Amino acid sequence: MQTEKIRGWQYERMTLSVRTIESIIQSTSPEALTTYRDGGNGWTVLQVLCHLRDFEAVFFERARLTVEQDSPPLPFPNPDELASSNDYENQVLEDVLAAWKETRHAYMDFLQSRSESDWERTAVHPKRGMLTLLEQTFITPLHDSIHIEQMTRILAEKLS
């Protein structure tokens with residue numbers, strides 16, 4: 001019962017992240033989203049969104065592996081290598097947002113269809129060690145929050 005409540009909170013947070021990022025994008029000029037950089041030379045909001053899109057697929061794959069295998073090692077791709085190989089700089093913002101949302105919805109559907117026993121299945125995260133599927137659901141909204149803060153900081157640095 002308690003884990004069901006916790007999962008509900010996680011789903012709410014994951015849904016709110018989508019609305020928050022949509023709001024950031026809708027209320028900001030395309031130029032600002034694609035040219036203002038974190039700290040002046042870091043990622044743009046577009047690049048941060050590309051990172052979220054790519055890691056959403058990683059989180060989804062981790063959940064699948066956890067359910068399908070016994071204590072599998074979880075993938076942890078290098079974010080900078082993904083940015084380079086996936087050409088974050090030249091992505092189309094609307095396409096990236098749509099792809100991230102599509103994967104987010106599929107991931108949430110997958111999680112919501114899990115049996116109670118799946119939530120205690122474990123996998124090995126390369127930095128955080130052994131994690132249950134339930135514990136993994138905390139990483140996604142935490143990751144969202146970190147990058148939502150980054151997006152707003154990028155825009156605030158340039159607009160202030």
# chains A, B, ... in the order shown; residues from 1 in each chain; ligands from 1
>>> select_by_dssp(residues="chain A", states="strand (DSSP E)", output="PDB file with N, CA, C and O atoms, in the first residue's frame")
ATOM      1  N   THR A 122      15.856  -6.157  -8.595  1.00  0.00           N
ATOM      2  CA  THR A 122      17.038  -5.316  -8.457  1.00  0.00           C
ATOM      3  C   THR A 122      17.898  -5.328  -9.717  1.00  0.00           C
ATOM      4  O   THR A 122      17.823  -6.237 -10.542  1.00  0.00           O
ATOM      5  N   ALA A 123      18.722  -4.287  -9.813  1.00  0.00           N
ATOM      6  CA  ALA A 123      19.724  -4.149 -10.865  1.00  0.00           C
ATOM      7  C   ALA A 123      20.883  -3.356 -10.270  1.00  0.00           C
ATOM      8  O   ALA A 123      20.747  -2.739  -9.210  1.00  0.00           O
ATOM      9  N   VAL A 124      22.010  -3.379 -10.959  1.00  0.00           N
ATOM     10  CA  VAL A 124      23.209  -2.722 -10.440  1.00  0.00           C
ATOM     11  C   VAL A 124      23.478  -1.446 -11.244  1.00  0.00           C
ATOM     12  O   VAL A 124      23.833  -1.495 -12.423  1.00  0.00           O
ATOM     13  N   HIS A 125      23.283  -0.319 -10.574  1.00  0.00           N
ATOM     14  CA  HIS A 125      23.591   0.987 -11.163  1.00  0.00           C
ATOM     15  C   HIS A 125      25.096   1.211 -11.026  1.00  0.00           C
ATOM     16  O   HIS A 125      25.668   0.943  -9.966  1.00  0.00           O
ATOM     17  N   GLY A 129      25.020   1.667  -7.095  1.00  0.00           N
ATOM     18  CA  GLY A 129      24.982   0.303  -6.581  1.00  0.00           C
ATOM     19  C   GLY A 129      23.650  -0.387  -6.857  1.00  0.00           C
ATOM     20  O   GLY A 129      22.942  -0.050  -7.798  1.00  0.00           O
ATOM     21  N   MET A 130      23.328  -1.341  -6.003  1.00  0.00           N
ATOM     22  CA  MET A 130      22.121  -2.143  -6.177  1.00  0.00           C
ATOM     23  C   MET A 130      20.878  -1.288  -5.930  1.00  0.00           C
ATOM     24  O   MET A 130      20.770  -0.615  -4.908  1.00  0.00           O
ATOM     25  N   LEU A 131      19.952  -1.318  -6.900  1.00  0.00           N
ATOM     26  CA  LEU A 131      18.711  -0.550  -6.801  1.00  0.00           C
ATOM     27  C   LEU A 131      17.532  -1.427  -7.183  1.00  0.00           C
ATOM     28  O   LEU A 131      17.614  -2.200  -8.138  1.00  0.00           O
ATOM     29  N   THR A 132      16.435  -1.253  -6.468  1.00  0.00           N
ATOM     30  CA  THR A 132      15.193  -1.905  -6.883  1.00  0.00           C
ATOM     31  C   THR A 132      14.560  -1.059  -7.992  1.00  0.00           C
ATOM     32  O   THR A 132      14.929   0.101  -8.191  1.00  0.00           O
TER      33      THR A 132
END
>>> closest_atom_pairs(of="region 91-122 of chain A", to="region 55-59 of chain A", cutoff="12 Å", atoms="only C-alpha atoms", output="Markdown table")
| residue | atom | partner | partner_atom | distance |
| --- | --- | --- | --- | --- |
| A:Val96 | CA | A:Glu56 | CA | 11.7 |
| A:Leu97 | CA | A:Glu56 | CA | 11.6 |
| A:Ala99 | CA | A:Glu56 | CA | 9.7 |
| A:Trp100 | CA | A:Glu56 | CA | 6.9 |
| A:Lys101 | CA | A:Glu56 | CA | 9.1 |
| A:Glu102 | CA | A:Glu56 | CA | 9.8 |
| A:Thr103 | CA | A:Ala57 | CA | 6.5 |
| A:Arg104 | CA | A:Glu56 | CA | 6.5 |
| A:His105 | CA | A:Glu56 | CA | 10.1 |
| A:Ala106 | CA | A:Ala57 | CA | 9.7 |
| A:Tyr107 | CA | A:Glu56 | CA | 8.0 |
| A:Met108 | CA | A:Glu56 | CA | 10.5 |
| A:Phe110 | CA | A:Phe59 | CA | 11.4 |
| A:Leu111 | CA | A:Phe59 | CA | 11.0 |
>>> write_last_selection(atoms="N, CA, C and O atoms", output="PDB file, in the first residue's frame")
ATOM      1  N   VAL A  96      12.546  17.179 -30.682  1.00  0.00           N
ATOM      2  CA  VAL A  96      13.158  16.660 -29.457  1.00  0.00           C
ATOM      3  C   VAL A  96      12.119  16.591 -28.341  1.00  0.00           C
ATOM      4  O   VAL A  96      12.013  15.574 -27.644  1.00  0.00           O
ATOM      5  N   LEU A  97      11.336  17.662 -28.194  1.00  0.00           N
ATOM      6  CA  LEU A  97      10.292  17.677 -27.170  1.00  0.00           C
ATOM      7  C   LEU A  97       9.290  16.554 -27.412  1.00  0.00           C
ATOM      8  O   LEU A  97       8.929  15.827 -26.484  1.00  0.00           O
ATOM      9  N   ALA A  99       9.696  13.721 -29.030  1.00  0.00           N
ATOM     10  CA  ALA A  99      10.317  12.414 -28.796  1.00  0.00           C
ATOM     11  C   ALA A  99      10.467  12.141 -27.300  1.00  0.00           C
ATOM     12  O   ALA A  99      10.221  11.023 -26.835  1.00  0.00           O
ATOM     13  N   TRP A 100      10.870  13.171 -26.541  1.00  0.00           N
ATOM     14  CA  TRP A 100      11.011  12.993 -25.090  1.00  0.00           C
ATOM     15  C   TRP A 100       9.664  12.658 -24.465  1.00  0.00           C
ATOM     16  O   TRP A 100       9.543  11.734 -23.658  1.00  0.00           O
ATOM     17  N   LYS A 101       8.624  13.393 -24.848  1.00  0.00           N
ATOM     18  CA  LYS A 101       7.288  13.152 -24.292  1.00  0.00           C
ATOM     19  C   LYS A 101       6.783  11.754 -24.668  1.00  0.00           C
ATOM     20  O   LYS A 101       6.179  11.066 -23.833  1.00  0.00           O
ATOM     21  N   GLU A 102       7.025  11.343 -25.889  1.00  0.00           N
ATOM     22  CA  GLU A 102       6.578  10.016 -26.323  1.00  0.00           C
ATOM     23  C   GLU A 102       7.245   8.915 -25.501  1.00  0.00           C
ATOM     24  O   GLU A 102       6.576   7.990 -25.031  1.00  0.00           O
ATOM     25  N   THR A 103       8.548   9.048 -25.292  1.00  0.00           N
ATOM     26  CA  THR A 103       9.254   8.053 -24.486  1.00  0.00           C
ATOM     27  C   THR A 103       8.820   8.121 -23.025  1.00  0.00           C
ATOM     28  O   THR A 103       8.640   7.095 -22.375  1.00  0.00           O
ATOM     29  N   ARG A 104       8.589   9.334 -22.504  1.00  0.00           N
ATOM     30  CA  ARG A 104       8.127   9.486 -21.118  1.00  0.00           C
ATOM     31  C   ARG A 104       6.798   8.762 -20.926  1.00  0.00           C
ATOM     32  O   ARG A 104       6.606   8.037 -19.956  1.00  0.00           O
ATOM     33  N   HIS A 105       5.870   8.943 -21.852  1.00  0.00           N
ATOM     34  CA  HIS A 105       4.557   8.298 -21.731  1.00  0.00           C
ATOM     35  C   HIS A 105       4.679   6.775 -21.824  1.00  0.00           C
ATOM     36  O   HIS A 105       4.034   6.052 -21.054  1.00  0.00           O
ATOM     37  N   ALA A 106       5.512   6.296 -22.738  1.00  0.00           N
ATOM     38  CA  ALA A 106       5.707   4.851 -22.875  1.00  0.00           C
ATOM     39  C   ALA A 106       6.356   4.278 -21.614  1.00  0.00           C
ATOM     40  O   ALA A 106       5.968   3.199 -21.135  1.00  0.00           O
ATOM     41  N   TYR A 107       7.320   4.990 -21.061  1.00  0.00           N
ATOM     42  CA  TYR A 107       7.999   4.567 -19.834  1.00  0.00           C
ATOM     43  C   TYR A 107       7.001   4.522 -18.670  1.00  0.00           C
ATOM     44  O   TYR A 107       6.952   3.542 -17.919  1.00  0.00           O
ATOM     45  N   MET A 108       6.189   5.553 -18.543  1.00  0.00           N
ATOM     46  CA  MET A 108       5.207   5.573 -17.458  1.00  0.00           C
ATOM     47  C   MET A 108       4.168   4.459 -17.640  1.00  0.00           C
ATOM     48  O   MET A 108       3.779   3.821 -16.663  1.00  0.00           O
ATOM     49  N   PHE A 110       4.695   1.621 -19.050  1.00  0.00           N
ATOM     50  CA  PHE A 110       5.414   0.399 -18.669  1.00  0.00           C
ATOM     51  C   PHE A 110       5.442   0.252 -17.147  1.00  0.00           C
ATOM     52  O   PHE A 110       5.128  -0.813 -16.607  1.00  0.00           O
ATOM     53  N   LEU A 111       5.812   1.317 -16.452  1.00  0.00           N
ATOM     54  CA  LEU A 111       5.885   1.263 -14.991  1.00  0.00           C
ATOM     55  C   LEU A 111       4.521   0.981 -14.371  1.00  0.00           C
ATOM     56  O   LEU A 111       4.398   0.171 -13.449  1.00  0.00           O
TER      57      LEU A 111
END
>>> select_by_dssp(residues="region 23-81 of chain A", states="alpha helix (DSSP H)", output="ChimeraX atom specification")
/A:23-26,30-35,45-68,79-81
>>> residues_around(residues="region 135-139 of chain A", least_positions_apart="4", cutoff="8 Å", atoms="only C-alpha atoms", output="compact mmCIF listing (two decimals) with N, CA, C and O atoms, in the first residue's frame")
# COMPACT_ATOMS: atom_id res chain seq x y z
N ARG A 7 4.76 5.39 -5.53
CA ARG A 7 4.79 5.34 -7.00
C ARG A 7 3.86 6.42 -7.58
O ARG A 7 4.21 7.07 -8.56
N GLN A 10 5.58 9.65 -7.60
CA GLN A 10 6.61 9.69 -8.64
C GLN A 10 5.96 9.96 -10.00
O GLN A 10 6.47 10.75 -10.78
N ALA A 63 14.72 0.05 -16.63
CA ALA A 63 13.54 -0.58 -16.02
C ALA A 63 13.24 -1.91 -16.69
O ALA A 63 12.96 -2.90 -16.01
N LEU A 131 19.95 -1.32 -6.90
CA LEU A 131 18.71 -0.55 -6.80
C LEU A 131 17.53 -1.43 -7.18
O LEU A 131 17.61 -2.20 -8.14
N HIS A 143 16.37 13.57 -11.82
CA HIS A 143 17.10 13.99 -13.01
C HIS A 143 16.36 15.14 -13.71
O HIS A 143 16.97 16.13 -14.11
>>> residues_around(residues="Asp38 (chain A)", least_positions_apart="2", cutoff="10 Å", atoms="only C-alpha atoms", output="list in words")
Thr35, Tyr36, Gly40, Asn41, Gly42, Trp43, Thr44, Val45, Val48, Gln150, Met151, Thr152, Arg153, Ile154, Leu155, Ala156, Glu157 and Lys158 of chain A
>>> atom_distance(atom1="CA of Leu82 (chain A)", atom2="CA of Leu46 (chain A)")
13.9 Å
>>> closest_residue(among="A:Gln69, A:Glu61, A:Ala83, A:Leu16", to="Asp144 (chain A)", atoms="only C-alpha atoms")
A:Leu16
>>> atom_distance(atom1="CA of Thr34 (chain A)", atom2="CA of Tyr88 (chain A)")
10.2 Å
>>> atom_distance(atom1="CA of Glu68 (chain A)", atom2="CA of Thr3 (chain A)")
20.7 Å
>>> residues_around(residues="Glu89 (chain A)", least_positions_apart="2", cutoff="7 Å", atoms="only C-alpha atoms", output="list in words")
Gln47, Asp87 and Gln91 of chain A
>>> write_last_selection(atoms="all heavy atoms", output="CSV table (one decimal), in the first residue's frame")
chain,number,residue,atom,x,y,z
A,47,GLN,N,20.0,21.7,-26.0
A,47,GLN,CA,20.9,20.6,-25.7
A,47,GLN,C,20.5,19.8,-24.4
A,47,GLN,O,20.6,18.6,-24.3
A,47,GLN,CB,22.3,21.1,-25.6
A,47,GLN,CG,22.8,21.5,-27.0
A,47,GLN,CD,24.1,22.2,-27.0
A,47,GLN,OE1,24.3,23.2,-26.2
A,47,GLN,NE2,25.1,21.8,-27.8
A,87,ASP,N,24.5,14.8,-32.1
A,87,ASP,CA,24.5,16.2,-32.7
A,87,ASP,C,23.5,17.1,-32.0
A,87,ASP,O,22.6,17.7,-32.7
A,87,ASP,CB,24.3,16.1,-34.2
A,87,ASP,CG,24.6,17.4,-34.9
A,87,ASP,OD1,25.3,18.2,-34.4
A,87,ASP,OD2,24.0,17.6,-36.0
A,91,GLN,N,19.7,19.8,-33.5
A,91,GLN,CA,18.4,19.1,-33.4
A,91,GLN,C,17.3,20.2,-33.5
A,91,GLN,O,17.5,21.3,-33.3
A,91,GLN,CB,18.3,18.4,-32.0
A,91,GLN,CG,19.3,17.3,-31.8
A,91,GLN,CD,18.9,16.1,-32.7
A,91,GLN,OE1,17.8,15.6,-32.7
A,91,GLN,NE2,19.9,15.5,-33.4
>>> closest_residue(among="A:Pro73, A:Leu93, A:Asp54, A:Leu142", to="Ala32 (chain A)", atoms="only C-alpha atoms")
A:Leu93
>>> residues_around(residues="Arg121 (chain A)", least_positions_apart="2", cutoff="6 Å", atoms="only C-alpha atoms", output="ChimeraX atom specification")
/A:118-119,132-133
>>> write_last_selection(atoms="N, CA and C atoms", output="short mmCIF file (atom, residue, chain, number, x, y, z; two decimals), in the first residue's frame")
data_model
loop_
_atom_site.label_atom_id
_atom_site.label_comp_id
_atom_site.auth_asym_id
_atom_site.auth_seq_id
_atom_site.Cartn_x
_atom_site.Cartn_y
_atom_site.Cartn_z
N ASP A 118 7.45 -7.02 -9.34
CA ASP A 118 8.46 -6.36 -10.17
C ASP A 118 9.15 -5.21 -9.44
N TRP A 119 8.44 -4.56 -8.55
CA TRP A 119 8.98 -3.37 -7.89
C TRP A 119 10.14 -3.66 -6.96
N THR A 132 16.43 -1.25 -6.47
CA THR A 132 15.19 -1.90 -6.88
C THR A 132 14.56 -1.06 -7.99
N LEU A 133 13.58 -1.64 -8.65
CA LEU A 133 12.84 -0.87 -9.65
C LEU A 133 12.18 0.33 -8.98
#
>>> closest_residue(among="A:Cys50, A:Leu134, A:Leu159, A:Pro141", to="Gln112 (chain A)", atoms="only C-alpha atoms")
A:Leu134
>>> closest_residue(among="A:Asp109, A:Ala98, A:Leu74, A:Pro79", to="Arg128 (chain A)", atoms="only C-alpha atoms")
A:Leu74
